[in-house]
2 protein chains.
Amino acid sequence: MSRIKVMVNGMPGNMAANVARHVLNDGRFELIPFSLTGPEITDREQIVDSIKIRLIHPGEREDALKELKKKEGRFISVDYTHPSAVNTNAQFLCDNILPFVMGTTGGDRKKLEEAVLSSATCAVIAPNMAKQIVGFQAMMEYAAKTFPDLFSGYTLSVKESHQKGKADTSGTARAIIGYFNRLGIPFTEQQIVMERDPEKQKSRWGIPEEYLKGHGWHTYTLVSEDKTVRFEFTHNVNGRDIYARGTLDAIVFLNSRILEGAKGKVFSMIDVLRGTGN
Amino acid sequence: MSRIKVMVNGMPGNMAANVARHVLNDGRFELIPFSLTGPEITDREQIVDSIKIRLIHPGEREDALKELKKKEGRFISVDYTHPSAVNTNAQFLCDNILPFVMGTTGGDRKKLEEAVLSSATCAVIAPNMAKQIVGFQAMMEYAAKTFPDLFSGYTLSVKESHQKGKADTSGTARAIIGYFNRLGIPFTEQQIVMERDPEKQKSRWGIPEEYLKGHGWHTYTLVSEDKTVRFEFTHNVNGRDIYARGTLDAIVFLNSRILEGAKGKVFSMIDVLRGTGN
């Protein structure tokens with residue numbers, strides 16, 4: 001099988017560089033050494049594992065992409081840019097019939113989807129690329145749909161820890177709480193116990209020093225009314241590698257769909273998990 | 001709404017007595033003060049919350065049940081007896097068109113089901129009456145079916161603690177391990193870490209003294225290949241109240257099915273959880 005060509009946009013951002021590194025070190029892929037970048041970036045290039053990546057600024061991307069298409073043929077773009085760039089990037093890729101994996105959150109999600117649906121290309125759009133966490137959410141959603149009020153009478157507590165910079169509560173925690181609500185437990189987002197203090201993360205939570213700047217730890221605890229039953233669900237992620245690995249899976253999945261002739265189609269991470277046709 | 005009449009068989013056994021106590025203290029039910037018991041029992045009666053329950057020995061049950069049916073009209077039987085009695089009890093109840101909830105494990109389960117299917121009555125048959133744990137198993141089964149190999153590359157460890165008398169590994173743990181296998185993790189029953197030492201249960205696990213003689217604690221831990229991701233699922237049950245509460249839910253469910261005219265039907269705890277028609 002020939003290698004899948006991949007361009008990772010959003011460098012010099014951390015997540016884009018991380019995904020590029022994973023692409024470089026995986027025999028299934030060939031990294032195209034170009035990356036679309038934002039107007040505020042002044043660098044002309046970025047080094048990833050000793051490979052020089054040319055950063056393409058907004059003004060030059062039309063020409064650059066035409067060149068690349070001619071030279072590389074078919075390739076898949078990955079977007080880890082910025083919420084403010086989500087829609088313009090997606091429109092640009094759609095207009096140029098360039099299939100893509102959108103890992104950037106934010107922007108107008110409805111407009112994003114519509115751009116792909118009315119295009120001649122296809123995309124995986126996933127606000128969360130961590131396959132196993134998306135799978136866990138799907139399990140919870142299944143329970144909420146199938147067994148409403150299963151945990152009626154139970155008390156929920158939720159605690160989560162993320163790096164100091166993260167101001168809002170975890171989106172994953174909010175989604176999971178919604179499922180618990182449907183399972184019969186009243187609970188609001190305001191009741192989430194958030195930890196953002198690196199000192200406590202280290203001493204009380206036991207989060208390794210090297211991940212204080214990038215982690216997502218979540219624990220949901222359910223206790224029955226008479227206190228005799230206790231359920232606990234934990235998912236602790238250190239660093240960003242789980243998202244990079246999920247992105248690679250999304251690329252492979254999208255490639256298979258393209259080979260089947262998919263056009264004007266949006267896929268989710270759930271589709272990737274189901275692995276239809278893989 | 002009139003109260004649902006319930007006879008709990010298997011006294012003086014702990015589980016039967018516990019369910020009888022829950023039935024007595026719940027306004028939805030009326031406890032029939034009789035209980036089928038085993039041939040080895042010499043007592044003639046059992047006191048539950050100051051209520052005298054007549055124990056009916058195998059030799060007298062034909063006549064006693066005829067009397068009860070005449071006097072009480074429609075009622076639901078609950079069976080918490082002994083694996084060796086499961087099939088004869090079920091056949092007796094089927095022959096006498098007495099709907100029942102079978103909470104006893106063991107016996108010939110296929111024969112048990114067939115007895116009900118070919119009868120003019122119906123039953124809830126559930127080897128595990130703990131609704132929330134059955135729900136958790138169903139979630140895991142859904143994931144195993146829908147997202148095979150989701151946790152491929154992860155390492156699993158399983159630990160469980162039960163009262164000293166329990167010789168075999170937990171049936172729940174074995175079932176859950178089967179789902180993890182389908183999710184891509186090789187793991188055998190022999191790898192389960194079993195705790196049966198009351199001293200360690202108290203000091204290391206923190207299991208309350210009063211539950212050393214009756215508890216089921218389970219923890220499943222999944223760690224990604226690169227150790228950056230950790231999932232943990234725990235369900236800790238102290239005592240037997242969760243099973244009693246699940247039994248009451250099964251009675252209410254079965255009563256609704258009977259009112260709809262169900263005959264020759266077997267229901268599972270999953271049906272109870274779905275709550276069809278409730």
# chains A, B, ... in the order shown; residues from 1 in each chain; ligands from 1
call {"tool": "select_by_dssp", "arguments": {"residues": "range 26-257 of chain A", "states": "strand (DSSP E)", "output": "ChimeraX atom specification"}}
result
/A:29-31,34-36,45-48,51-56,76-79,100-102,122-125,155-162,193-195,215-223,229-238
call {"tool": "residues_around", "arguments": {"residues": "range 192-195 of chain A", "least_positions_apart": "5", "cutoff": "7 Å", "atoms": "only C-alpha atoms", "output": "list in words"}}
result
Val158, Lys159, Glu160, Ser161, His162 and Thr169 of chain A
call {"tool": "write_last_selection", "arguments": {"atoms": "N, CA and C atoms", "output": "compact mmCIF listing (two decimals), in the first residue's frame"}}
result
# COMPACT_ATOMS: atom_id res chain seq x y z
N VAL A 158 -18.24 15.55 40.70
CA VAL A 158 -17.36 15.58 39.53
C VAL A 158 -16.16 16.45 39.86
N LYS A 159 -14.96 15.91 39.65
CA LYS A 159 -13.78 16.77 39.79
C LYS A 159 -12.91 16.61 38.55
N GLU A 160 -12.31 17.71 38.16
CA GLU A 160 -11.44 17.67 36.98
C GLU A 160 -10.27 18.61 37.20
N SER A 161 -9.14 18.24 36.61
CA SER A 161 -7.94 19.06 36.69
C SER A 161 -7.41 19.28 35.28
N HIS A 162 -7.10 20.52 34.97
CA HIS A 162 -6.48 20.87 33.69
C HIS A 162 -5.38 21.90 33.94
N THR A 169 -14.71 25.34 32.41
CA THR A 169 -14.79 23.94 32.81
C THR A 169 -14.57 23.07 31.57
call {"tool": "select_by_dssp", "arguments": {"residues": "range 188-246 of chain B", "states": "helix (DSSP H, G or I)", "output": "MDAnalysis selection string"}}
result
chainID B and resid 189:191 198:203 209:211 241:246
call {"tool": "write_last_selection", "arguments": {"atoms": "C-alpha atoms", "output": "PDB file, in the first residue's frame"}}
result
ATOM      1  CA  GLU B 189      -9.801 -14.712  34.288  1.00  0.00           C
ATOM      2  CA  GLN B 190      -6.634 -15.992  35.984  1.00  0.00           C
ATOM      3  CA  GLN B 191      -5.170 -12.472  35.913  1.00  0.00           C
ATOM      4  CA  PRO B 198     -10.801  -9.577  55.863  1.00  0.00           C
ATOM      5  CA  GLU B 199      -7.724  -7.986  57.458  1.00  0.00           C
ATOM      6  CA  LYS B 200      -6.459  -6.604  54.135  1.00  0.00           C
ATOM      7  CA  GLN B 201      -9.999  -5.688  53.055  1.00  0.00           C
ATOM      8  CA  LYS B 202     -10.202  -3.485  56.139  1.00  0.00           C
ATOM      9  CA  SER B 203      -6.707  -2.019  56.204  1.00  0.00           C
ATOM     10  CA  GLU B 209     -16.044  -3.509  59.171  1.00  0.00           C
ATOM     11  CA  GLU B 210     -19.782  -4.188  59.052  1.00  0.00           C
ATOM     12  CA  TYR B 211     -19.562  -5.189  55.371  1.00  0.00           C
ATOM     13  CA  ASP B 241     -29.626  -3.771  49.675  1.00  0.00           C
ATOM     14  CA  ILE B 242     -28.963  -2.947  46.018  1.00  0.00           C
ATOM     15  CA  TYR B 243     -30.197  -6.445  45.088  1.00  0.00           C
ATOM     16  CA  ALA B 244     -33.299  -6.068  47.245  1.00  0.00           C
ATOM     17  CA  ARG B 245     -34.128  -2.728  45.624  1.00  0.00           C
ATOM     18  CA  GLY B 246     -33.613  -4.213  42.161  1.00  0.00           C
TER      19      GLY B 246
END
call {"tool": "interface_residues", "arguments": {"of": "chain B", "to": "chain A", "cutoff": "9 Å", "atoms": "only C-alpha atoms", "output": "short mmCIF file (atom, residue, chain, number, x, y, z; two decimals) with C-alpha atoms, in the first residue's frame"}}
result
data_model
loop_
_atom_site.label_atom_id
_atom_site.label_comp_id
_atom_site.auth_asym_id
_atom_site.auth_seq_id
_atom_site.Cartn_x
_atom_site.Cartn_y
_atom_site.Cartn_z
CA LYS B 131 -29.88 -2.60 38.36
CA GLN B 132 -27.00 -0.14 38.09
CA GLY B 135 -26.73 -1.21 33.35
CA PHE B 136 -22.97 -0.79 33.50
CA ALA B 138 -24.93 -3.27 29.18
CA MET B 139 -22.87 -0.13 28.51
CA MET B 140 -19.74 -2.24 28.23
CA TYR B 142 -22.65 -1.86 23.74
CA ALA B 143 -19.07 -0.54 23.46
CA THR B 146 -20.07 -1.01 18.48
CA PHE B 147 -16.39 -0.12 18.82
CA PRO B 148 -14.38 -3.36 18.63
CA ASP B 149 -10.70 -2.86 19.49
CA LEU B 150 -11.31 0.63 20.91
CA PHE B 151 -8.77 -0.06 23.66
CA THR B 219 -12.00 -1.96 39.89
CA SER B 224 -2.38 3.13 27.27
CA ASP B 226 2.72 4.94 26.28
CA LYS B 227 1.29 5.27 29.83
CA THR B 228 -0.14 8.74 29.16
CA VAL B 229 -3.79 7.70 29.38
CA ARG B 230 -5.55 5.96 32.26
CA PHE B 231 -9.17 4.88 32.51
CA GLU B 232 -10.61 3.43 35.69
CA PHE B 233 -14.06 1.98 36.33
CA THR B 234 -15.09 1.08 39.87
CA HIS B 235 -18.28 -0.37 41.33
CA ASN B 236 -18.31 -1.04 45.04
CA VAL B 237 -21.34 -2.64 46.68
CA ASN B 238 -21.66 -2.98 50.45
CA GLY B 239 -24.24 -5.42 51.76
CA ARG B 240 -27.19 -6.70 49.75
CA ASP B 241 -29.63 -3.77 49.67
CA ILE B 242 -28.96 -2.95 46.02
CA ILE B 270 -32.31 -5.38 31.02
CA LEU B 273 -34.04 -1.29 33.21
CA ARG B 274 -35.63 -0.27 29.93
CA GLY B 275 -38.85 -0.07 31.90
#
call {"tool": "closest_residue", "arguments": {"among": "A:Gly261, A:Asn9, A:Ser2, A:Phe267", "to": "Ala120 in chain A", "atoms": "only C-alpha atoms"}}
result
A:Gly261
call {"tool": "closest_residue", "arguments": {"among": "B:Asp49, B:Asp43, B:Asp108, B:Glu260", "to": "Ser84 in chain B", "atoms": "only C-alpha atoms"}}
result
B:Asp108
